[in-house]
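> Below you'll find run-v1.cif; it's mmCIF, C-alpha atoms.
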data_run
loop_
_atom_site.label_atom_id
_atom_site.label_comp_id
_atom_site.auth_asym_id
_atom_site.auth_seq_id
_atom_site.Cartn_x
_atom_site.Cartn_y
_atom_site.Cartn_z
CA MET U 207 -4.47 21.51 51.01
CA ASN U 208 -5.15 19.13 48.15
CA ALA U 209 -2.84 16.20 47.60
CA SER U 210 -0.03 16.78 45.12
CA PRO U 211 -0.33 14.89 41.82
CA LYS U 212 3.01 13.19 42.41
CA ASN U 213 1.62 11.48 45.52
CA GLN U 214 -1.07 9.67 43.61
CA HIS U 215 -0.99 6.04 42.53
CA ASP U 216 -0.41 5.04 38.93
CA PRO U 217 -1.33 6.13 36.36
CA PHE U 218 -1.62 9.61 37.86
CA ARG U 219 1.85 10.05 39.31
CA GLU U 220 3.92 12.92 37.96
CA ALA U 221 5.61 12.08 34.71
CA PRO U 222 9.04 13.42 33.82
CA GLN U 223 9.28 16.69 31.87
CA LYS U 224 8.89 15.69 28.22
CA GLY U 225 10.12 18.85 26.57
CA ARG U 226 10.64 22.56 26.83
CA GLY U 227 7.76 23.52 24.64
CA PRO U 228 6.37 25.74 23.50
CA PHE U 229 3.11 24.38 24.88
CA TYR U 230 -0.49 25.26 24.15
CA ALA U 231 -2.55 26.44 27.09
CA ILE U 232 -6.18 27.41 27.38
CA VAL U 233 -7.29 29.68 30.18
CA ASP U 234 -10.99 29.33 31.04
CA CYS U 235 -12.76 31.66 33.49
CA ASN U 236 -14.86 29.56 35.86
CA ASN U 237 -18.60 30.36 35.90
CA PHE U 238 -17.62 33.62 34.22
CA TYR U 239 -20.78 35.76 34.44
CA ALA U 240 -21.47 34.73 38.03
CA SER U 241 -17.81 35.25 38.96
CA CYS U 242 -17.89 38.78 37.49
CA GLU U 243 -20.84 39.62 39.74
CA ARG U 244 -18.94 38.31 42.77
CA VAL U 245 -15.82 40.41 42.13
CA PHE U 246 -17.58 43.61 43.20
CA ASN U 247 -20.03 42.04 45.64
CA PRO U 248 -18.10 39.78 48.05
CA ALA U 249 -21.34 38.93 49.88
CA LEU U 250 -22.16 36.67 46.91
CA ARG U 251 -19.22 34.36 47.56
CA GLY U 252 -20.42 30.91 48.49
CA LYS U 253 -24.00 31.86 47.57
CA PRO U 254 -25.96 30.48 44.61
CA VAL U 255 -26.00 32.98 41.72
CA VAL U 256 -27.74 32.87 38.34
CA VAL U 257 -27.56 35.29 35.42
CA LEU U 258 -30.49 35.73 33.04
CA SER U 259 -30.62 36.25 29.29
CA ASN U 260 -31.90 39.33 27.49
CA ASN U 261 -35.19 40.63 28.87
CA ASP U 262 -34.60 38.47 31.96
CA GLY U 263 -35.87 35.48 30.02
CA CYS U 264 -33.99 32.36 31.08
CA VAL U 265 -30.92 31.22 32.99
CA ILE U 266 -27.72 31.45 30.90
CA ALA U 267 -25.11 31.20 33.68
CA ARG U 268 -24.97 29.51 37.08
CA SER U 269 -22.53 29.44 39.94
CA ALA U 270 -21.46 26.04 41.27
CA GLU U 271 -23.87 26.52 44.19
CA ALA U 272 -26.78 27.20 41.81
CA LYS U 273 -25.96 24.03 39.89
CA GLU U 274 -25.97 22.06 43.16
CA ALA U 275 -29.34 23.62 44.00
CA GLY U 276 -30.74 21.97 40.87
CA ILE U 277 -31.29 25.05 38.68
CA PRO U 278 -31.00 23.84 35.07
CA MET U 279 -29.36 25.82 32.30
CA GLY U 280 -32.01 27.54 30.19
CA ALA U 281 -34.58 27.52 32.98
CA PRO U 282 -37.34 30.13 32.31
CA ALA U 283 -36.99 32.73 35.06
CA PHE U 284 -40.73 33.21 35.58
CA LYS U 285 -41.19 29.49 36.25
CA TYR U 286 -38.43 29.39 38.85
CA GLU U 287 -39.19 32.60 40.79
CA ARG U 288 -40.52 30.67 43.77
CA GLU U 289 -37.55 28.29 43.75
CA PHE U 290 -35.14 31.23 43.57
CA ARG U 291 -36.74 32.71 46.69
CA GLU U 292 -36.95 29.47 48.65
CA LYS U 293 -33.33 28.50 47.96
CA GLY U 294 -31.90 31.98 48.44
CA ILE U 295 -30.62 32.22 44.88
CA ARG U 296 -29.40 35.67 43.83
CA VAL U 297 -30.65 36.61 40.39
CA PHE U 298 -28.95 39.08 38.01
CA SER U 299 -29.78 40.49 34.60
CA SER U 300 -27.07 40.22 31.94
CA ASN U 301 -24.51 43.00 32.36
CA TYR U 302 -22.57 42.68 29.12
CA ALA U 303 -20.66 45.94 29.57
CA LEU U 304 -19.19 44.58 32.81
CA TYR U 305 -18.54 41.09 31.43
CA GLY U 306 -16.87 42.38 28.27
CA ASP U 307 -14.60 44.72 30.22
CA MET U 308 -13.59 42.01 32.69
CA SER U 309 -12.83 39.67 29.78
CA GLY U 310 -10.53 42.31 28.32
CA ARG U 311 -8.73 42.64 31.65
CA VAL U 312 -8.10 38.90 31.78
CA VAL U 313 -6.65 38.92 28.26
CA GLN U 314 -4.46 41.91 29.09
CA THR U 315 -3.12 40.00 32.10
CA LEU U 316 -2.38 36.94 29.98
CA ARG U 317 -0.38 39.03 27.52
CA GLY U 318 2.10 39.63 30.34
CA PHE U 319 3.04 35.94 30.05
CA SER U 320 2.91 35.42 26.29
CA ASP U 321 2.86 37.46 23.10
CA ASP U 322 0.76 34.75 21.46
CA VAL U 323 -2.75 35.00 22.93
CA GLU U 324 -5.81 34.00 20.92
CA VAL U 325 -9.18 35.10 22.30
CA TYR U 326 -11.46 32.13 21.74
CA SER U 327 -14.60 33.42 23.49
CA ILE U 328 -15.57 35.95 26.13
CA ASP U 329 -14.36 33.58 28.87
CA GLU U 330 -11.64 31.55 27.12
CA ALA U 331 -8.27 32.29 25.53
CA PHE U 332 -5.50 30.14 24.10
CA MET U 333 -1.86 30.93 24.86
CA LEU U 334 1.43 29.69 23.46
CA LEU U 335 3.63 29.14 26.52
CA GLN U 336 7.41 29.03 26.72
CA PRO U 337 8.24 28.99 30.44
CA PRO U 338 11.56 30.46 31.58
CA LYS U 339 14.36 27.93 31.76
CA GLY U 340 14.27 25.91 34.95
CA ARG U 341 10.63 26.70 35.77
CA PRO U 342 8.27 23.67 35.58
CA VAL U 343 5.42 24.20 33.16
CA HIS U 344 2.62 23.43 35.64
CA LEU U 345 4.09 25.86 38.19
CA TYR U 346 4.21 28.51 35.48
CA GLY U 347 0.54 27.77 34.87
CA GLN U 348 -0.15 28.23 38.58
CA GLU U 349 1.62 31.59 38.42
CA ILE U 350 -0.66 32.65 35.58
CA ARG U 351 -3.72 31.48 37.49
CA HIS U 352 -2.74 33.35 40.64
CA ARG U 353 -1.89 36.53 38.68
CA VAL U 354 -5.31 36.56 36.97
CA ARG U 355 -7.04 36.04 40.33
CA GLN U 356 -4.98 38.78 42.00
CA TRP U 357 -5.37 41.36 39.24
CA THR U 358 -8.99 40.71 38.21
CA GLY U 359 -10.57 38.76 41.07
CA LEU U 360 -11.67 36.01 38.66
CA PRO U 361 -10.97 32.29 39.18
CA VAL U 362 -9.65 30.42 36.14
CA SER U 363 -8.67 26.89 35.25
CA ILE U 364 -5.84 26.12 32.83
CA GLY U 365 -5.12 23.15 30.61
CA ILE U 366 -1.62 22.78 29.13
CA ALA U 367 -0.63 20.29 26.44
CA PRO U 368 1.35 19.79 23.21
CA THR U 369 -1.78 20.59 21.15
CA LYS U 370 -4.82 22.84 21.47
CA THR U 371 -7.24 19.89 21.52
CA LEU U 372 -5.37 18.14 24.33
CA ALA U 373 -5.15 21.46 26.20
CA LYS U 374 -8.95 21.73 26.03
CA ILE U 375 -9.25 18.21 27.45
CA ALA U 376 -6.73 18.96 30.19
CA ASN U 377 -8.74 22.04 31.10
CA HIS U 378 -11.90 19.93 31.27
CA PHE U 379 -10.37 17.83 34.04
CA ALA U 380 -8.51 20.71 35.71
CA LYS U 381 -11.86 22.37 36.28
CA ARG U 382 -13.54 19.27 37.67
CA GLU U 383 -10.84 17.59 39.78
CA GLN U 384 -9.54 19.41 42.87
CA LEU U 385 -6.40 17.27 42.66
CA TRP U 386 -4.90 19.62 40.08
CA GLU U 387 -5.65 22.88 41.91
CA GLY U 388 -6.94 24.47 38.71
CA VAL U 389 -3.96 23.69 36.44
CA LEU U 390 -3.39 20.42 34.59
CA HIS U 391 -0.40 19.87 32.32
CA THR U 392 -0.71 16.60 30.41
CA ASP U 393 2.92 15.77 31.22
CA LEU U 394 1.86 15.39 34.86
CA ILE U 395 -0.01 12.22 33.86
CA LYS U 396 2.03 9.08 33.33
CA ASP U 397 -0.56 7.79 30.85
CA PHE U 398 -2.94 10.49 29.66
CA ASP U 399 -4.84 7.88 27.66
CA THR U 400 -6.56 6.97 30.93
CA TYR U 401 -8.18 10.40 30.85
CA LEU U 402 -9.02 10.12 27.16
CA ARG U 403 -10.87 6.88 27.90
CA ARG U 404 -13.00 8.74 30.47
CA LEU U 405 -13.98 11.56 28.10
CA PRO U 406 -17.02 10.97 25.86
CA VAL U 407 -16.15 11.57 22.22
CA GLY U 408 -18.87 14.21 22.00
CA GLU U 409 -16.93 16.29 24.54
CA VAL U 410 -13.88 16.52 22.28
CA TRP U 411 -13.31 20.03 20.93
CA GLY U 412 -14.54 20.28 17.34
CA ILE U 413 -16.72 17.15 17.39
CA GLY U 414 -20.28 18.29 16.74
CA ARG U 415 -23.58 16.53 17.24
CA GLN U 416 -23.71 14.91 13.80
CA HIS U 417 -20.18 13.57 14.04
CA THR U 418 -20.90 12.33 17.56
CA GLN U 419 -23.89 10.31 16.34
CA PHE U 420 -21.87 8.97 13.41
CA LEU U 421 -18.96 7.94 15.66
CA HIS U 422 -21.29 6.25 18.15
CA SER U 423 -22.83 4.24 15.31
CA HIS U 424 -19.34 2.89 14.56
CA GLY U 425 -18.51 2.01 18.14
CA ILE U 426 -16.35 5.07 18.86
CA GLU U 427 -17.51 6.23 22.30
CA SER U 428 -14.51 7.96 23.90
CA ALA U 429 -11.75 10.38 22.98
CA TYR U 430 -9.33 7.44 23.18
CA ASP U 431 -11.41 5.46 20.66
CA LEU U 432 -11.13 8.36 18.24
CA LYS U 433 -7.40 8.75 18.91
CA THR U 434 -6.76 5.13 17.95
CA ALA U 435 -9.05 5.09 14.88
CA PRO U 436 -7.31 4.58 11.49
CA GLU U 437 -6.29 7.88 9.85
CA SER U 438 -7.58 6.80 6.45
CA TRP U 439 -11.03 5.98 7.87
CA VAL U 440 -11.27 9.31 9.75
CA LYS U 441 -10.14 11.28 6.68
CA ARG U 442 -12.68 9.49 4.46
CA HIS U 443 -15.65 10.06 6.78
CA MET U 444 -14.73 13.24 8.68
CA HIS U 445 -12.50 14.95 6.12
CA VAL U 446 -9.71 17.36 7.02
CA THR U 447 -11.34 18.64 10.22
CA GLY U 448 -11.62 15.15 11.68
CA LEU U 449 -8.08 14.29 10.61
CA ARG U 450 -6.73 17.35 12.41
CA THR U 451 -8.58 16.35 15.57
CA LEU U 452 -7.20 12.83 15.33
CA ARG U 453 -3.64 14.09 15.00
CA GLU U 454 -4.10 16.58 17.82
CA LEU U 455 -5.28 13.75 20.09
CA ASN U 456 -2.04 11.97 19.22
CA GLY U 457 0.03 14.98 20.26
CA ILE U 458 0.73 16.32 16.76
CA PRO U 459 -0.03 20.08 16.56
CA SER U 460 -2.43 20.54 13.64
CA ILE U 461 -4.50 23.56 14.72
CA GLU U 462 -2.22 26.55 15.02
CA MET U 463 -2.70 29.79 16.90
CA GLU U 464 -4.78 32.17 14.80
CA ASP U 465 -4.40 35.86 14.19
CA ILE U 466 -7.55 37.75 15.09
CA GLU U 467 -9.29 38.21 11.76
CA PRO U 468 -12.36 40.40 11.25
CA ARG U 469 -15.57 38.58 11.98
CA LYS U 470 -17.55 37.65 8.89
CA GLY U 471 -20.67 39.19 10.38
CA ILE U 472 -21.53 41.51 13.24
CA LEU U 473 -25.02 41.18 14.70
CA SER U 474 -26.67 43.65 17.07
CA SER U 475 -30.16 42.71 18.20
CA ARG U 476 -32.40 42.65 21.27
CA SER U 477 -35.94 41.70 22.17
CA PHE U 478 -38.03 44.64 23.31
CA ARG U 479 -39.21 45.29 26.87
CA LYS U 480 -42.74 45.47 25.47
CA PRO U 481 -44.03 45.07 21.88
CA VAL U 482 -43.21 48.01 19.60
CA THR U 483 -45.91 49.29 17.27
CA ASP U 484 -44.67 52.82 16.55
CA PHE U 485 -42.35 53.39 13.58
CA GLY U 486 -40.52 56.18 15.40
CA HIS U 487 -39.64 53.90 18.29
CA MET U 488 -38.51 51.22 15.83
CA GLN U 489 -36.24 53.77 14.13
CA GLU U 490 -34.67 54.58 17.49
CA ALA U 491 -34.05 50.92 18.24
CA VAL U 492 -32.52 50.13 14.85
CA SER U 493 -30.31 53.24 15.04
CA ALA U 494 -29.10 52.33 18.54
CA TYR U 495 -28.34 48.75 17.45
CA MET U 496 -26.40 50.04 14.46
CA ALA U 497 -24.39 52.39 16.66
CA ARG U 498 -23.28 49.40 18.73
CA ALA U 499 -22.49 47.28 15.66
CA ALA U 500 -20.46 50.12 14.12
CA GLU U 501 -18.52 50.51 17.37
CA LYS U 502 -17.61 46.80 17.25
CA LEU U 503 -16.66 47.17 13.58
CA ARG U 504 -14.26 50.02 14.33
CA GLY U 505 -12.91 48.12 17.31
CA GLN U 506 -11.56 45.44 14.97
CA HIS U 507 -10.32 48.06 12.44
CA SER U 508 -12.74 46.89 9.78
CA VAL U 509 -15.35 48.19 7.37
CA ALA U 510 -18.61 46.65 6.13
CA GLY U 511 -20.01 46.58 2.63
CA VAL U 512 -23.57 45.36 3.30
CA VAL U 513 -26.19 46.26 5.92
CA HIS U 514 -29.07 43.94 6.85
CA VAL U 515 -32.03 44.97 9.00
CA PHE U 516 -34.76 42.66 10.27
CA VAL U 517 -37.97 42.81 12.29
CA LYS U 518 -40.16 40.07 13.71
CA THR U 519 -43.27 39.64 15.82
CA ASN U 520 -43.89 37.07 18.55
CA ARG U 521 -44.24 33.70 16.85
CA PHE U 522 -46.48 32.44 19.66
CA ALA U 523 -48.81 35.43 19.98
CA LYS U 524 -52.43 34.45 19.32
CA SER U 525 -53.66 38.01 18.77
CA GLN U 526 -51.94 38.46 15.38
CA PRO U 527 -50.35 36.43 12.58
CA TYR U 528 -46.59 35.97 12.69
CA TYR U 529 -44.57 38.41 10.58
CA SER U 530 -40.84 38.48 9.91
CA ASN U 531 -38.87 40.24 7.20
CA THR U 532 -35.31 41.28 6.32
CA ALA U 533 -33.95 44.00 4.03
CA THR U 534 -30.45 43.87 2.56
CA MET U 535 -28.77 47.16 1.66
CA PRO U 536 -25.45 47.07 -0.25
CA LEU U 537 -23.29 50.15 0.34
CA PRO U 538 -21.64 52.09 -2.50
CA LEU U 539 -18.41 52.15 -0.46
CA ALA U 540 -17.53 49.93 2.50
CA THR U 541 -17.47 52.02 5.68
CA ASP U 542 -17.36 52.02 9.47
CA PHE U 543 -18.99 55.44 9.87
CA THR U 544 -22.10 55.17 12.04
CA PRO U 545 -24.29 57.79 10.25
CA ASP U 546 -23.71 56.16 6.84
CA LEU U 547 -24.47 52.69 8.20
CA THR U 548 -27.52 53.99 10.06
CA LYS U 549 -28.85 55.72 6.94
CA ALA U 550 -28.72 52.41 5.07
CA ALA U 551 -30.36 50.54 7.95
CA LEU U 552 -33.24 53.03 8.21
CA ALA U 553 -33.78 52.86 4.46
CA GLY U 554 -34.09 49.10 4.82
CA LEU U 555 -36.43 49.48 7.79
CA THR U 556 -38.91 51.42 5.66
CA GLU U 557 -39.06 48.39 3.35
CA VAL U 558 -39.85 45.81 6.04
CA PHE U 559 -41.86 47.71 8.65
CA VAL U 560 -45.58 47.16 8.26
CA ASP U 561 -48.10 49.14 10.33
CA GLY U 562 -50.50 47.18 12.48
CA TYR U 563 -48.04 44.65 13.90
CA ALA U 564 -46.68 44.51 17.43
CA TYR U 565 -42.99 43.75 16.99
CA GLN U 566 -41.12 41.65 19.53
CA LYS U 567 -37.61 42.02 18.14
CA ALA U 568 -35.48 43.90 15.63
CA GLY U 569 -31.82 43.95 14.74
CA VAL U 570 -29.09 44.78 12.28
CA MET U 571 -26.24 42.78 10.82
CA LEU U 572 -23.10 43.90 9.01
CA THR U 573 -21.53 41.62 6.38
CA GLU U 574 -18.94 41.82 3.59
CA ILE U 575 -16.51 42.79 6.33
CA ARG U 576 -12.85 43.42 5.53
CA ARG U 577 -9.94 45.23 7.08
CA ARG U 578 -9.98 49.01 6.89
CA ASP U 579 -6.72 49.03 4.91
CA GLN U 580 -8.29 46.80 2.24
CA ILE U 581 -11.00 49.23 1.08
CA GLN U 582 -11.34 49.38 -2.69
CA GLY U 583 -10.63 52.94 -3.86
CA ASN U 584 -13.27 55.13 -5.50
CA LEU U 585 -12.45 58.13 -7.72
CA PHE U 586 -15.73 59.86 -6.83
CA VAL U 587 -15.19 59.87 -3.06
CA ASN U 588 -13.84 62.94 -1.31
CA GLN U 589 -10.85 61.72 0.70
CA ASP U 590 -10.94 64.80 2.95
CA GLU U 591 -14.53 63.96 3.86
CA LEU U 592 -13.56 60.38 4.68
CA GLU U 593 -10.84 61.66 6.99
CA ARG U 594 -13.30 63.99 8.76
CA LYS U 595 -15.71 61.09 9.27
CA LYS U 596 -12.93 58.96 10.74
CA LYS U 597 -11.91 61.69 13.19
CA LEU U 598 -15.52 62.21 14.29
CA ALA U 599 -16.11 58.49 14.85
CA ASP U 600 -12.83 58.12 16.74
CA ALA U 601 -13.71 61.10 18.94
CA VAL U 602 -17.14 59.67 19.83
CA ASP U 603 -15.61 56.27 20.63
CA ALA U 604 -12.89 57.87 22.77
CA VAL U 605 -15.42 59.83 24.84
CA ASN U 606 -17.67 56.81 25.36
CA GLN U 607 -14.73 54.63 26.26
CA LYS U 608 -13.50 57.11 28.84
CA MET U 609 -16.80 58.39 30.27
CA GLY U 610 -19.04 55.34 29.85
CA ARG U 611 -21.07 53.84 27.03
CA ASN U 612 -23.68 56.07 25.37
CA LYS U 613 -22.44 59.30 26.94
CA LEU U 614 -22.38 60.59 23.38
CA ILE U 615 -25.10 59.29 21.06
CA TYR U 616 -26.69 60.33 17.78
CA ALA U 617 -30.07 62.05 18.18
CA VAL U 618 -31.80 59.46 16.01
CA ASN U 619 -31.08 56.85 18.72
CA GLY U 620 -33.64 58.55 20.99
CA LEU U 621 -33.32 59.73 24.58
CA LYS U 622 -36.03 57.87 26.55
CA GLN U 623 -35.66 54.61 24.61
CA GLU U 624 -38.84 53.09 26.01
CA TRP U 625 -38.27 50.01 23.85
CA THR U 626 -35.12 48.88 25.69
CA MET U 627 -35.00 45.34 27.05
CA ARG U 628 -36.07 44.46 30.59
CA GLN U 629 -33.18 44.38 33.10
CA GLU U 630 -34.83 44.40 36.51
CA HIS U 631 -31.91 42.70 38.26
CA LYS U 632 -28.94 44.41 36.60
CA SER U 633 -25.86 45.12 38.69
CA PRO U 634 -23.94 48.40 38.22
CA ALA U 635 -21.46 48.83 35.38
CA TYR U 636 -18.67 48.94 37.94
CA THR U 637 -15.80 49.34 35.49
CA THR U 638 -17.26 51.26 32.53
CA ASN U 639 -19.48 53.99 34.01
CA TRP U 640 -18.20 56.81 36.23
CA ASP U 641 -21.59 57.07 37.94
CA GLU U 642 -21.54 53.40 38.93
CA LEU U 643 -18.03 52.97 40.30
CA PRO U 644 -17.82 50.85 43.46
CA THR U 645 -18.21 52.85 46.66
CA VAL U 646 -15.87 52.16 49.58
CA LYS U 647 -17.46 52.82 52.95
#
Since I need it in another form, could you write the structure as structure tokens?


Amino acid sequence: MNASPKNQHDPFREAPQKGRGPFYAIVDCNNFYASCERVFNPALRGKPVVVLSNNDGCVIARSAEAKEAGIPMGAPAFKYEREFREKGIRVFSSNYALYGDMSGRVVQTLRGFSDDVEVYSIDEAFMLLQPPKGRPVHLYGQEIRHRVRQWTGLPVSIGIAPTKTLAKIANHFAKREQLWEGVLHTDLIKDFDTYLRRLPVGEVWGIGRQHTQFLHSHGIESAYDLKTAPESWVKRHMHVTGLRTLRELNGIPSIEMEDIEPRKGILSSRSFRKPVTDFGHMQEAVSAYMARAAEKLRGQHSVAGVVHVFVKTNRFAKSQPYYSNTATMPLPLATDFTPDLTKAALAGLTEVFVDGYAYQKAGVMLTEIRRRDQIQGNLFVNQDELERKKKLADAVDAVNQKMGRNKLIYAVNGLKQEWTMRQEHKSPAYTTNWDELPTVK
């Protein structure tokens, strides 16, 4: 059992409760992709695990054991095959269907503790916490952590603070110091400035590379240095964003919880398993990518007004010159209906596809996105037809959600899909495909 924070010497002894909140908390899934693989394969626990990018290109996620084995982030898989074998490292292709579903389960669990949950990324979410009267905040955080582990099998670390920026910093140390057993509330620290002095300013949430270089040039090296910088100087050189960060470091909430707004752009793109030269195969790929983008669009109750489609060859191939092109197709009426979006994408594809090239990648992007209830009316549109399209799209989504992705597809997407990306080490879609449910022996 780890030592309790209150048994530590100053300045890390437990501080008195400073208020009843509400408090900001960020819940971060530890080594998320690798942890998802371990949930359904207990034999992986304690073993080094890496997850590869699209087409099994490079390492994008590592378990703690893989990090200790010296596998760097971004390592090209083909260069490390021998090291993977020699060190007993288990290798997996990206399984985004599994990871996305597990992320949703974590968020659903968090909503049992707070109505205010903001999904920040696939493995992180902010919460606004108001613990029940008489329950210490850090113990409430432990309850959340244990519930997520029990219900999803995923380990998480939690940072709790008066502001979102301080919560991110608390989470940084909760994840790295066993002392806190995965949950750090800033009120547990007598003088949290001691932690701010230990954190490089470039690690502060919202401080990018350019600002980091600028701050270093002015002698600001740590989060504490930034906290104590003059407000007027920060506002003059870092504008409103920097001023908000400064105030957040001083415990003044300046970055509020956000409602989930439609994304400004939805991109769906993959590199091909092998170069594509046939226009028919390229049509299949673009149609399949659009089907996925349209599904995401409907998932956030939005419509798109512009479709972009792009193709590109391998920049480093010596057998042909590099070619890349994009077509932009405005729509007469913003929509989320897959056939209409696909029709626009394929029209754009005919403009950019040139025979004689071996294409490495293609993709689509939706922009001019707005909420479905904000569509500008059009006198020349048949409202009954729009309603039929909505019912059809909803029916397809419902079947695929229940029976597994791509159980129902449009014929133009193709059946064999020989262009799909390489996934030689992919685990089953344990939670989203009936045919790949875990088997109990």

> By how many Å are atom CA of U:Gln526 and atom CA of U:Phe485 apart?

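Between atom CA of U:Gln526 and atom CA of U:Phe485 the gap is 17.8 Å.
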
> With the file shown as input, list the residues that the PyMOL selection byres ((chain U and resi 345) around 12) selects, as a compact mmCIF listing (two decimals) with C-alpha atoms, in the coordinates of the input.


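Full text of expr.txt as output:
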# COMPACT_ATOMS: atom_id res chain seq x y z
CA PRO U 337 8.24 28.99 30.44
CA PRO U 338 11.56 30.46 31.58
CA GLY U 340 14.27 25.91 34.95
CA ARG U 341 10.63 26.70 35.77
CA PRO U 342 8.27 23.67 35.58
CA VAL U 343 5.42 24.20 33.16
CA HIS U 344 2.62 23.43 35.64
CA TYR U 346 4.21 28.51 35.48
CA GLY U 347 0.54 27.77 34.87
CA GLN U 348 -0.15 28.23 38.58
CA GLU U 349 1.62 31.59 38.42
CA ILE U 350 -0.66 32.65 35.58
CA ARG U 351 -3.72 31.48 37.49
CA HIS U 352 -2.74 33.35 40.64
CA ILE U 364 -5.84 26.12 32.83
CA ILE U 366 -1.62 22.78 29.13
CA TRP U 386 -4.90 19.62 40.08
CA GLU U 387 -5.65 22.88 41.91
CA GLY U 388 -6.94 24.47 38.71
CA VAL U 389 -3.96 23.69 36.44
CA LEU U 390 -3.39 20.42 34.59
CA HIS U 391 -0.40 19.87 32.32
CA LEU U 394 1.86 15.39 34.86

> Of the residues U:His417, U:Pro254, U:Tyr302, U:Ala604, which is the one nearest to U:Gly505, using all atoms listed in the file?

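Selected residue with least distance to U:Gly505: U:Ala604.
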
> Can you list, as a VMD selection string, every protein, DNA or RNA residue that comes within 10 Å of U:Gly306 when you count all atoms listed in the file, leaving out same-chain residues fewer than 3 positions away?

chain U and resid 239 242 301 to 303 309 to 311 328 to 329 638

> Apply the PyMOL selection byres ((chain U and resi 531-548) around 8) to the file shown and report the selected residues as number ranges by chain.

U: 492-493, 496-497, 500-501, 503-504, 508-518, 529-530, 549-552, 554-555, 557-558, 581-582, 584, 595-596, 599

> Would you mind exporting C-alpha atoms of the selected residues as a short mmCIF file (atom, residue, chain, number, x, y, z; two decimals), in the coordinates of the input?


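Final output, saved to part.cif:
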data_model
loop_
_atom_site.label_atom_id
_atom_site.label_comp_id
_atom_site.auth_asym_id
_atom_site.auth_seq_id
_atom_site.Cartn_x
_atom_site.Cartn_y
_atom_site.Cartn_z
CA VAL U 492 -32.52 50.13 14.85
CA SER U 493 -30.31 53.24 15.04
CA MET U 496 -26.40 50.04 14.46
CA ALA U 497 -24.39 52.39 16.66
CA ALA U 500 -20.46 50.12 14.12
CA GLU U 501 -18.52 50.51 17.37
CA LEU U 503 -16.66 47.17 13.58
CA ARG U 504 -14.26 50.02 14.33
CA SER U 508 -12.74 46.89 9.78
CA VAL U 509 -15.35 48.19 7.37
CA ALA U 510 -18.61 46.65 6.13
CA GLY U 511 -20.01 46.58 2.63
CA VAL U 512 -23.57 45.36 3.30
CA VAL U 513 -26.19 46.26 5.92
CA HIS U 514 -29.07 43.94 6.85
CA VAL U 515 -32.03 44.97 9.00
CA PHE U 516 -34.76 42.66 10.27
CA VAL U 517 -37.97 42.81 12.29
CA LYS U 518 -40.16 40.07 13.71
CA TYR U 529 -44.57 38.41 10.58
CA SER U 530 -40.84 38.48 9.91
CA LYS U 549 -28.85 55.72 6.94
CA ALA U 550 -28.72 52.41 5.07
CA ALA U 551 -30.36 50.54 7.95
CA LEU U 552 -33.24 53.03 8.21
CA GLY U 554 -34.09 49.10 4.82
CA LEU U 555 -36.43 49.48 7.79
CA GLU U 557 -39.06 48.39 3.35
CA VAL U 558 -39.85 45.81 6.04
CA ILE U 581 -11.00 49.23 1.08
CA GLN U 582 -11.34 49.38 -2.69
CA ASN U 584 -13.27 55.13 -5.50
CA LYS U 595 -15.71 61.09 9.27
CA LYS U 596 -12.93 58.96 10.74
CA ALA U 599 -16.11 58.49 14.85
#

> In Å, how far is it from atom CA of U:Ser633 to atom CA of U:Arg268?

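Separating atom CA of U:Ser633 from atom CA of U:Arg268 is a distance of 15.7 Å.
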
> Just checking: using all atoms listed in the file, which residue out of U:Arg244, U:Lys374, U:Arg594, U:Arg415 ends up closest to U:Met308?

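For U:Met308, the nearest of the candidates is U:Arg244.
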
> I need the residue nearest U:Ala435 from this list: U:Asn456, U:Asn639, U:Gln384, U:Gln419. Use all atoms listed in the file for the distance.

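Closest residue, counting all atoms listed in the file: U:Asn456.
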